[in-house]
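File shown: entry.pdb. Contents: PDB, C-alpha atoms.
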```pdb
ATOM      1  CA  MET D   1       0.000   0.000   0.000
ATOM      2  CA  ASP D   2       1.566   3.275  -1.133
ATOM      3  CA  THR D   3       0.734   6.766   0.124
ATOM      4  CA  ILE D   4       1.884  10.086  -1.272
ATOM      5  CA  THR D   5       0.965  13.678  -0.476
ATOM      6  CA  LEU D   6       0.327  16.292  -3.149
ATOM      7  CA  GLY D   7      -0.233  19.698  -1.622
ATOM      8  CA  ASP D   8      -3.192  19.369   0.736
ATOM      9  CA  VAL D   9      -4.318  16.008  -0.653
ATOM     10  CA  THR D  10      -3.153  12.592   0.514
ATOM     11  CA  LEU D  11      -3.431   9.670  -1.924
ATOM     12  CA  THR D  12      -3.305   6.011  -0.932
ATOM     13  CA  ARG D  13      -3.270   3.150  -3.417
ATOM     14  CA  VAL D  14      -5.470   0.201  -2.451
ATOM     15  CA  GLN D  15      -4.993  -2.839  -4.661
ATOM     16  CA  GLU D  16      -7.715  -5.292  -5.606
ATOM     17  CA  TYR D  17      -5.919  -7.480  -8.134
ATOM     18  CA  PHE D  18      -2.531  -7.808  -9.783
ATOM     19  CA  GLY D  19      -1.760 -10.452 -12.352
ATOM     20  CA  PRO D  20      -2.209 -11.672 -15.919
ATOM     21  CA  VAL D  21      -5.182 -10.545 -17.967
ATOM     22  CA  ASP D  22      -4.851 -13.349 -20.526
ATOM     23  CA  MET D  23      -4.198 -10.900 -23.344
ATOM     24  CA  THR D  24      -1.120 -10.162 -25.403
ATOM     25  CA  PRO D  25      -0.131  -6.533 -26.071
ATOM     26  CA  GLU D  26      -1.699  -6.723 -29.536
ATOM     27  CA  VAL D  27      -5.060  -7.664 -28.044
ATOM     28  CA  PHE D  28      -4.961  -5.459 -24.962
ATOM     29  CA  PHE D  29      -3.605  -2.416 -26.797
ATOM     30  CA  PRO D  30      -4.493  -2.997 -30.465
ATOM     31  CA  GLU D  31      -3.292   0.413 -31.624
ATOM     32  CA  SER D  32       0.162   0.044 -30.067
ATOM     33  CA  SER D  33       3.164  -0.961 -32.136
ATOM     34  CA  GLU D  34       5.400  -3.977 -31.647
ATOM     35  CA  GLU D  35       8.355  -1.596 -31.824
ATOM     36  CA  ALA D  36       7.130   0.285 -28.751
ATOM     37  CA  TRP D  37       6.876  -2.914 -26.709
ATOM     38  CA  GLN D  38      10.323  -4.055 -27.811
ATOM     39  CA  THR D  39      11.870  -0.658 -27.065
ATOM     40  CA  HIS D  40      10.635  -0.736 -23.471
ATOM     41  CA  SER D  41      10.949  -4.467 -22.829
ATOM     42  CA  ASP D  42      13.826  -3.936 -20.362
ATOM     43  CA  TRP D  43      11.490  -2.449 -17.743
ATOM     44  CA  LEU D  44       8.180  -4.016 -18.814
ATOM     45  CA  ALA D  45       9.375  -7.549 -18.056
ATOM     46  CA  PRO D  46       8.714  -9.302 -15.763
ATOM     47  CA  ASP D  47       6.352  -7.074 -13.768
ATOM     48  CA  PHE D  48       4.128  -5.862 -16.578
ATOM     49  CA  LEU D  49       4.756  -8.349 -19.362
ATOM     50  CA  ASP D  50       5.649 -12.022 -19.299
ATOM     51  CA  ALA D  51       8.453 -12.239 -21.837
ATOM     52  CA  ARG D  52       7.841 -15.953 -22.483
ATOM     53  CA  THR D  53       4.062 -15.987 -22.933
ATOM     54  CA  ARG D  54       3.740 -12.306 -23.931
ATOM     55  CA  ILE D  55       0.764 -11.972 -21.605
ATOM     56  CA  VAL D  56       0.208  -8.555 -20.045
ATOM     57  CA  ASN D  57      -0.058  -8.143 -16.279
ATOM     58  CA  SER D  58      -2.451  -5.541 -14.942
ATOM     59  CA  ALA D  59      -3.077  -3.860 -11.593
ATOM     60  CA  ILE D  60      -6.654  -3.176 -10.554
ATOM     61  CA  GLN D  61      -6.664  -0.599  -7.784
ATOM     62  CA  THR D  62      -8.515   2.229  -6.105
ATOM     63  CA  TRP D  63      -7.068   5.575  -5.127
ATOM     64  CA  VAL D  64      -8.155   6.865  -1.734
ATOM     65  CA  LEU D  65      -7.981  10.664  -1.592
ATOM     66  CA  ARG D  66      -8.244  12.614   1.632
ATOM     67  CA  SER D  67      -9.041  16.262   1.016
ATOM     68  CA  GLU D  68     -10.694  18.925   3.171
ATOM     69  CA  GLY D  69     -11.854  16.342   5.679
ATOM     70  CA  LYS D  70     -13.521  14.111   3.097
ATOM     71  CA  ILE D  71     -12.667  10.607   1.924
ATOM     72  CA  ILE D  72     -12.887  10.195  -1.847
ATOM     73  CA  LEU D  73     -12.425   6.970  -3.803
ATOM     74  CA  VAL D  74     -11.312   7.126  -7.425
ATOM     75  CA  ASP D  75     -12.552   4.035  -9.292
ATOM     76  CA  THR D  76     -13.682   0.865  -7.553
ATOM     77  CA  GLY D  77     -12.173  -2.031  -9.481
ATOM     78  CA  VAL D  78     -13.905  -5.224 -10.575
ATOM     79  CA  GLY D  79     -15.878  -6.217  -7.480
ATOM     80  CA  ASN D  80     -16.769  -9.580  -5.968
ATOM     81  CA  HIS D  81     -19.259 -12.144  -7.251
ATOM     82  CA  LYS D  82     -19.887 -10.241 -10.487
ATOM     83  CA  ASP D  83     -20.995 -12.363 -13.446
ATOM     84  CA  ARG D  84     -18.539 -11.516 -16.253
ATOM     85  CA  PRO D  85     -18.938 -14.259 -18.873
ATOM     86  CA  TYR D  86     -16.862 -12.442 -21.494
ATOM     87  CA  ALA D  87     -14.038 -11.470 -19.116
ATOM     88  CA  PRO D  88     -13.105 -14.795 -17.496
ATOM     89  CA  VAL D  89     -10.136 -13.375 -15.569
ATOM     90  CA  TRP D  90     -12.531 -11.162 -13.611
ATOM     91  CA  ASN D  91     -15.550 -13.476 -13.552
ATOM     92  CA  ARG D  92     -16.977 -13.990 -10.046
ATOM     93  CA  LEU D  93     -13.913 -12.707  -8.228
ATOM     94  CA  ASN D  94     -13.694 -13.126  -4.467
ATOM     95  CA  THR D  95     -10.952 -10.779  -3.285
ATOM     96  CA  SER D  96     -10.149  -9.143   0.042
ATOM     97  CA  PHE D  97     -10.548  -5.629  -1.335
ATOM     98  CA  LEU D  98     -12.689  -4.338   1.539
ATOM     99  CA  ASP D  99     -10.103  -5.669   4.009
ATOM    100  CA  ASN D 100      -7.409  -3.853   2.047
ATOM    101  CA  LEU D 101      -9.507  -0.709   2.202
ATOM    102  CA  ALA D 102      -9.872  -1.158   5.965
ATOM    103  CA  ARG D 103      -6.098  -1.398   6.296
ATOM    104  CA  ALA D 104      -5.982   2.032   4.653
ATOM    105  CA  GLY D 105      -8.236   3.265   7.452
ATOM    106  CA  VAL D 106     -11.446   3.384   5.410
ATOM    107  CA  ARG D 107     -14.745   1.687   6.224
ATOM    108  CA  PRO D 108     -17.495   1.709   3.558
ATOM    109  CA  GLU D 109     -19.623   4.088   5.640
ATOM    110  CA  ASP D 110     -16.704   6.545   5.881
ATOM    111  CA  VAL D 111     -16.619   7.284   2.159
ATOM    112  CA  ASP D 112     -18.037  10.665   1.159
ATOM    113  CA  ILE D 113     -17.517  10.580  -2.616
ATOM    114  CA  VAL D 114     -16.857   7.898  -5.217
ATOM    115  CA  VAL D 115     -15.452   9.056  -8.551
ATOM    116  CA  ASN D 116     -15.950   6.668 -11.452
ATOM    117  CA  THR D 117     -13.635   8.045 -14.112
ATOM    118  CA  HIS D 118     -15.530   5.935 -16.644
ATOM    119  CA  LEU D 119     -17.889   2.985 -16.503
ATOM    120  CA  HIS D 120     -15.809   0.073 -17.717
ATOM    121  CA  ILE D 121     -15.825  -3.334 -16.056
ATOM    122  CA  ASP D 122     -12.663  -2.707 -13.986
ATOM    123  CA  HIS D 123     -13.599   0.754 -12.705
ATOM    124  CA  VAL D 124     -17.049   0.359 -11.138
ATOM    125  CA  GLY D 125     -17.248  -3.136  -9.644
ATOM    126  CA  TRP D 126     -17.130  -2.249  -5.971
ATOM    127  CA  ASN D 127     -19.808   0.400  -6.441
ATOM    128  CA  THR D 128     -22.090  -2.376  -5.222
ATOM    129  CA  TYR D 129     -22.001  -5.633  -3.296
ATOM    130  CA  LEU D 130     -24.333  -8.597  -3.211
ATOM    131  CA  ASP D 131     -26.683  -8.499  -0.230
ATOM    132  CA  GLY D 132     -28.555 -11.769  -0.447
ATOM    133  CA  ARG D 133     -29.760 -11.652  -4.039
ATOM    134  CA  THR D 134     -29.722  -7.872  -4.428
ATOM    135  CA  TRP D 135     -26.953  -5.532  -5.552
ATOM    136  CA  VAL D 136     -26.774  -2.592  -3.152
ATOM    137  CA  PRO D 137     -24.382   0.392  -2.892
ATOM    138  CA  THR D 138     -21.185  -0.551  -1.071
ATOM    139  CA  PHE D 139     -20.680   2.987   0.195
ATOM    140  CA  PRO D 140     -24.031   3.971   1.712
ATOM    141  CA  ASN D 141     -23.175   7.573   2.558
ATOM    142  CA  ALA D 142     -21.325   8.448  -0.638
ATOM    143  CA  THR D 143     -22.238  10.487  -3.673
ATOM    144  CA  TYR D 144     -21.117   8.630  -6.798
ATOM    145  CA  LEU D 145     -19.821  11.005  -9.467
ATOM    146  CA  MET D 146     -20.203   9.584 -12.976
ATOM    147  CA  PRO D 147     -19.630  11.254 -16.363
ATOM    148  CA  LYS D 148     -23.038  11.746 -17.952
ATOM    149  CA  ALA D 149     -21.647  10.822 -21.372
ATOM    150  CA  ASP D 150     -20.529   7.430 -20.096
ATOM    151  CA  PHE D 151     -23.747   6.854 -18.178
ATOM    152  CA  ASP D 152     -25.823   7.551 -21.270
ATOM    153  CA  PHE D 153     -23.558   5.481 -23.503
ATOM    154  CA  TRP D 154     -23.567   2.343 -21.357
ATOM    155  CA  ASN D 155     -27.224   2.546 -20.383
ATOM    156  CA  PRO D 156     -28.757  -0.441 -22.212
ATOM    157  CA  ALA D 157     -31.893   1.580 -22.835
ATOM    158  CA  ASN D 158     -29.925   3.709 -25.315
ATOM    159  CA  ASP D 159     -28.744   0.674 -27.324
ATOM    160  CA  HIS D 160     -25.284   1.981 -28.232
ATOM    161  CA  LYS D 161     -22.873  -0.411 -29.902
ATOM    162  CA  ALA D 162     -19.368  -0.542 -28.425
ATOM    163  CA  ARG D 163     -16.074  -1.782 -29.820
ATOM    164  CA  LEU D 164     -15.679  -3.609 -26.515
ATOM    165  CA  GLY D 165     -18.469  -5.875 -27.702
ATOM    166  CA  ARG D 166     -19.869  -7.934 -24.851
ATOM    167  CA  GLY D 167     -16.900  -7.307 -22.555
ATOM    168  CA  ASN D 168     -18.922  -4.877 -20.441
ATOM    169  CA  GLN D 169     -21.937  -7.170 -20.201
ATOM    170  CA  ASN D 170     -23.907  -6.910 -16.919
ATOM    171  CA  VAL D 171     -21.757  -4.030 -15.652
ATOM    172  CA  PHE D 172     -24.378  -1.309 -15.922
ATOM    173  CA  GLU D 173     -27.071  -3.538 -14.456
ATOM    174  CA  ASP D 174     -25.157  -4.714 -11.367
ATOM    175  CA  SER D 175     -22.703  -1.883 -10.679
ATOM    176  CA  VAL D 176     -24.257   1.344 -11.991
ATOM    177  CA  ALA D 177     -28.046   1.088 -12.055
ATOM    178  CA  PRO D 178     -28.428   0.048  -8.373
ATOM    179  CA  VAL D 179     -26.518   3.126  -7.232
ATOM    180  CA  HIS D 180     -28.534   5.390  -9.513
ATOM    181  CA  GLU D 181     -31.807   3.854  -8.357
ATOM    182  CA  ALA D 182     -30.733   4.461  -4.741
ATOM    183  CA  GLY D 183     -30.438   8.187  -5.550
ATOM    184  CA  GLN D 184     -26.701   8.307  -4.872
ATOM    185  CA  THR D 185     -25.394   9.312  -8.308
ATOM    186  CA  ARG D 186     -24.531  12.724  -9.614
ATOM    187  CA  LEU D 187     -24.083  12.788 -13.372
ATOM    188  CA  TRP D 188     -21.769  15.579 -14.417
ATOM    189  CA  ASP D 189     -20.719  17.055 -17.728
ATOM    190  CA  GLY D 190     -18.020  19.492 -18.781
ATOM    191  CA  SER D 191     -16.366  20.143 -15.413
ATOM    192  CA  HIS D 192     -17.193  19.436 -11.784
ATOM    193  CA  ARG D 193     -15.536  21.000  -8.745
ATOM    194  CA  ILE D 194     -15.270  18.609  -5.777
ATOM    195  CA  ASP D 195     -13.504  21.051  -3.451
ATOM    196  CA  ARG D 196     -10.813  23.717  -3.642
ATOM    197  CA  ASN D 197      -8.185  21.003  -4.311
ATOM    198  CA  LEU D 198      -9.993  18.692  -6.703
ATOM    199  CA  ARG D 199     -11.791  19.245  -9.992
ATOM    200  CA  LEU D 200     -13.032  16.822 -12.621
ATOM    201  CA  ASP D 201     -12.706  17.653 -16.321
ATOM    202  CA  LEU D 202     -13.795  15.528 -19.249
ATOM    203  CA  ALA D 203     -11.031  13.856 -21.231
ATOM    204  CA  PRO D 204     -11.506  13.633 -25.026
ATOM    205  CA  PRO D 205     -12.811  10.019 -25.127
ATOM    206  CA  ALA D 206     -15.634  10.866 -22.722
ATOM    207  CA  THR D 207     -16.741  13.774 -24.919
ATOM    208  CA  ARG D 208     -17.055  11.440 -27.923
ATOM    209  CA  PRO D 209     -18.846   8.382 -26.524
ATOM    210  CA  ALA D 210     -19.449   6.868 -29.950
ATOM    211  CA  ARG D 211     -15.748   5.994 -30.006
ATOM    212  CA  ARG D 212     -15.655   4.426 -26.563
ATOM    213  CA  CYS D 213     -14.128   0.973 -26.596
TER
END
```
Starting from the coordinates I provided, produce the structure as structure tokens.
Amino acid sequence: MDTITLGDVTLTRVQEYFGPVDMTPEVFFPESSEEAWQTHSDWLAPDFLDARTRIVNSAIQTWVLRSEGKIILVDTGVGNHKDRPYAPVWNRLNTSFLDNLARAGVRPEDVDIVVNTHLHIDHVGWNTYLDGRTWVPTFPNATYLMPKADFDFWNPANDHKARLGRGNQNVFEDSVAPVHEAGQTRLWDGSHRIDRNLRLDLAPPATRPARRC
């Protein structure tokens, strides 16, 4: 667990998963060049790339920000018990993420804000947990900040077609919709000021959702 301080904000990295994602660089990053991977192979292997199998390793993690007395989580990983038929590496995970979060001094009820930078499979999973047979918000006192463009794009009711294909299947239904239905989301567009230290601004992909992967 790593902690750094930037001005008045403290950031702590809380890891959910680190390991192979069963994809080669060409699959994981289809627009990257073989030359780029070869040029940087001296530091990519073995931590980020298995030189023998050419399988990429990936870290799934949450950033805990402490600013102006509030606890803010940036992205919430894959989540436990999520049905991900087209992402077998992350299908029905059962990790100790909440224990890791507790070791960082954070209980679910302590969280004031959750920032989902975007709504892909590995960024929203711990938005919810399975309570019996129902997905409920993991952080009951938090406001979940989501880009409106992403929310609209991934909402099945809008029937957008993504290059990711079925890779994001079930994600909106089990990790986004329950939070929205609980009245805990704030959909933002353009720019959103969290406090005097933190501001959200749209990056180009989020302003052009038709090209989301």
Which residues match the PyMOL selection byres ((chain D and resi 129-146) around 6) in the file above, as a ChimeraX atom specification?
-> /D:108-109,111-116,127-128,147,179,184-187
How would the residues just chosen look if you wrote them out with C-alpha atoms as a PDB file, in the frame of the given file?
```pdb
ATOM      1  CA  PRO D 108     -17.495   1.709   3.558  1.00  0.00           C
ATOM      2  CA  GLU D 109     -19.623   4.088   5.640  1.00  0.00           C
ATOM      3  CA  VAL D 111     -16.619   7.284   2.159  1.00  0.00           C
ATOM      4  CA  ASP D 112     -18.037  10.665   1.159  1.00  0.00           C
ATOM      5  CA  ILE D 113     -17.517  10.580  -2.616  1.00  0.00           C
ATOM      6  CA  VAL D 114     -16.857   7.898  -5.217  1.00  0.00           C
ATOM      7  CA  VAL D 115     -15.452   9.056  -8.551  1.00  0.00           C
ATOM      8  CA  ASN D 116     -15.950   6.668 -11.452  1.00  0.00           C
ATOM      9  CA  ASN D 127     -19.808   0.400  -6.441  1.00  0.00           C
ATOM     10  CA  THR D 128     -22.090  -2.376  -5.222  1.00  0.00           C
ATOM     11  CA  PRO D 147     -19.630  11.254 -16.363  1.00  0.00           C
ATOM     12  CA  VAL D 179     -26.518   3.126  -7.232  1.00  0.00           C
ATOM     13  CA  GLN D 184     -26.701   8.307  -4.872  1.00  0.00           C
ATOM     14  CA  THR D 185     -25.394   9.312  -8.308  1.00  0.00           C
ATOM     15  CA  ARG D 186     -24.531  12.724  -9.614  1.00  0.00           C
ATOM     16  CA  LEU D 187     -24.083  12.788 -13.372  1.00  0.00           C
TER      17      LEU D 187
END
```
A straight line from CA of Phe18 (chain D) to CA of Phe48 (chain D) spans 9.7 Å
Go through D:Glu68, D:Glu35, D:Asp42, D:Asp50 and flag the residue nearest Gly19 (chain D), using only C-alpha atoms for the distances.
->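 Of all the options, D:Asp50 lies closest to Gly19 (chain D).
Within the file as shown, the PyMOL selection byres ((chain D and resi 168) around 9) identifies Arg84, Tyr86, Ala87, Leu119, His120, Ile121, Trp154, Leu164, Gly165, Arg166, Gly167, Gln169, Asn170, Val171 and Phe172 of chain D.
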Could you pull the residues within 10 Å of Asp189 (chain D), counting all atoms listed in the file, minus those fewer than 2 positions along the same chain, as a list in words?
->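 Selected residues are Met146, Pro147, Lys148, Ala149, Asp150, Arg186, Leu187, Ser191, His192, Leu200, Asp201, Leu202, Ala206 and Thr207 of chain D.
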Figure out the distance between CA of His123 (chain D) and CA of Thr24 (chain D), please, to one decimal in Å.
->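 Calculated distance between CA of Thr24 (chain D) and CA of His123 (chain D) is 20.9 Å.
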Which of these, D:Val14, D:Ala182, D:Ala45, D:Ile60, has the shortest distance to Val89 (chain D) once you count all atoms listed in the file?
->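 Distance minimum relative to Val89 (chain D) lands on D:Ile60.
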Once the PyMOL selection byres ((chain D and resi 82) around 7) has been applied to the shown file, what residues remain in the selection, as number ranges by chain?
-> D: 79-81, 83-84, 91-93
Dump as a CSV table (one decimal), keeping the file's coordinate frame, selection limited to C-alpha atoms:
```csv
chain,number,residue,atom,x,y,z
D,79,GLY,CA,-15.9,-6.2,-7.5
D,80,ASN,CA,-16.8,-9.6,-6.0
D,81,HIS,CA,-19.3,-12.1,-7.3
D,83,ASP,CA,-21.0,-12.4,-13.4
D,84,ARG,CA,-18.5,-11.5,-16.3
D,91,ASN,CA,-15.6,-13.5,-13.6
D,92,ARG,CA,-17.0,-14.0,-10.0
D,93,LEU,CA,-13.9,-12.7,-8.2
```
Please provide as a list in words all residues within 9 Å of Leu11 (chain D), with the sequence filter that same-chain residues fewer than 4 positions apart are discarded (counting only C-alpha atoms).
-> Asp2, Thr3, Ile4, Thr5, Leu6, Trp63, Val64, Leu65 and Arg66 of chain D
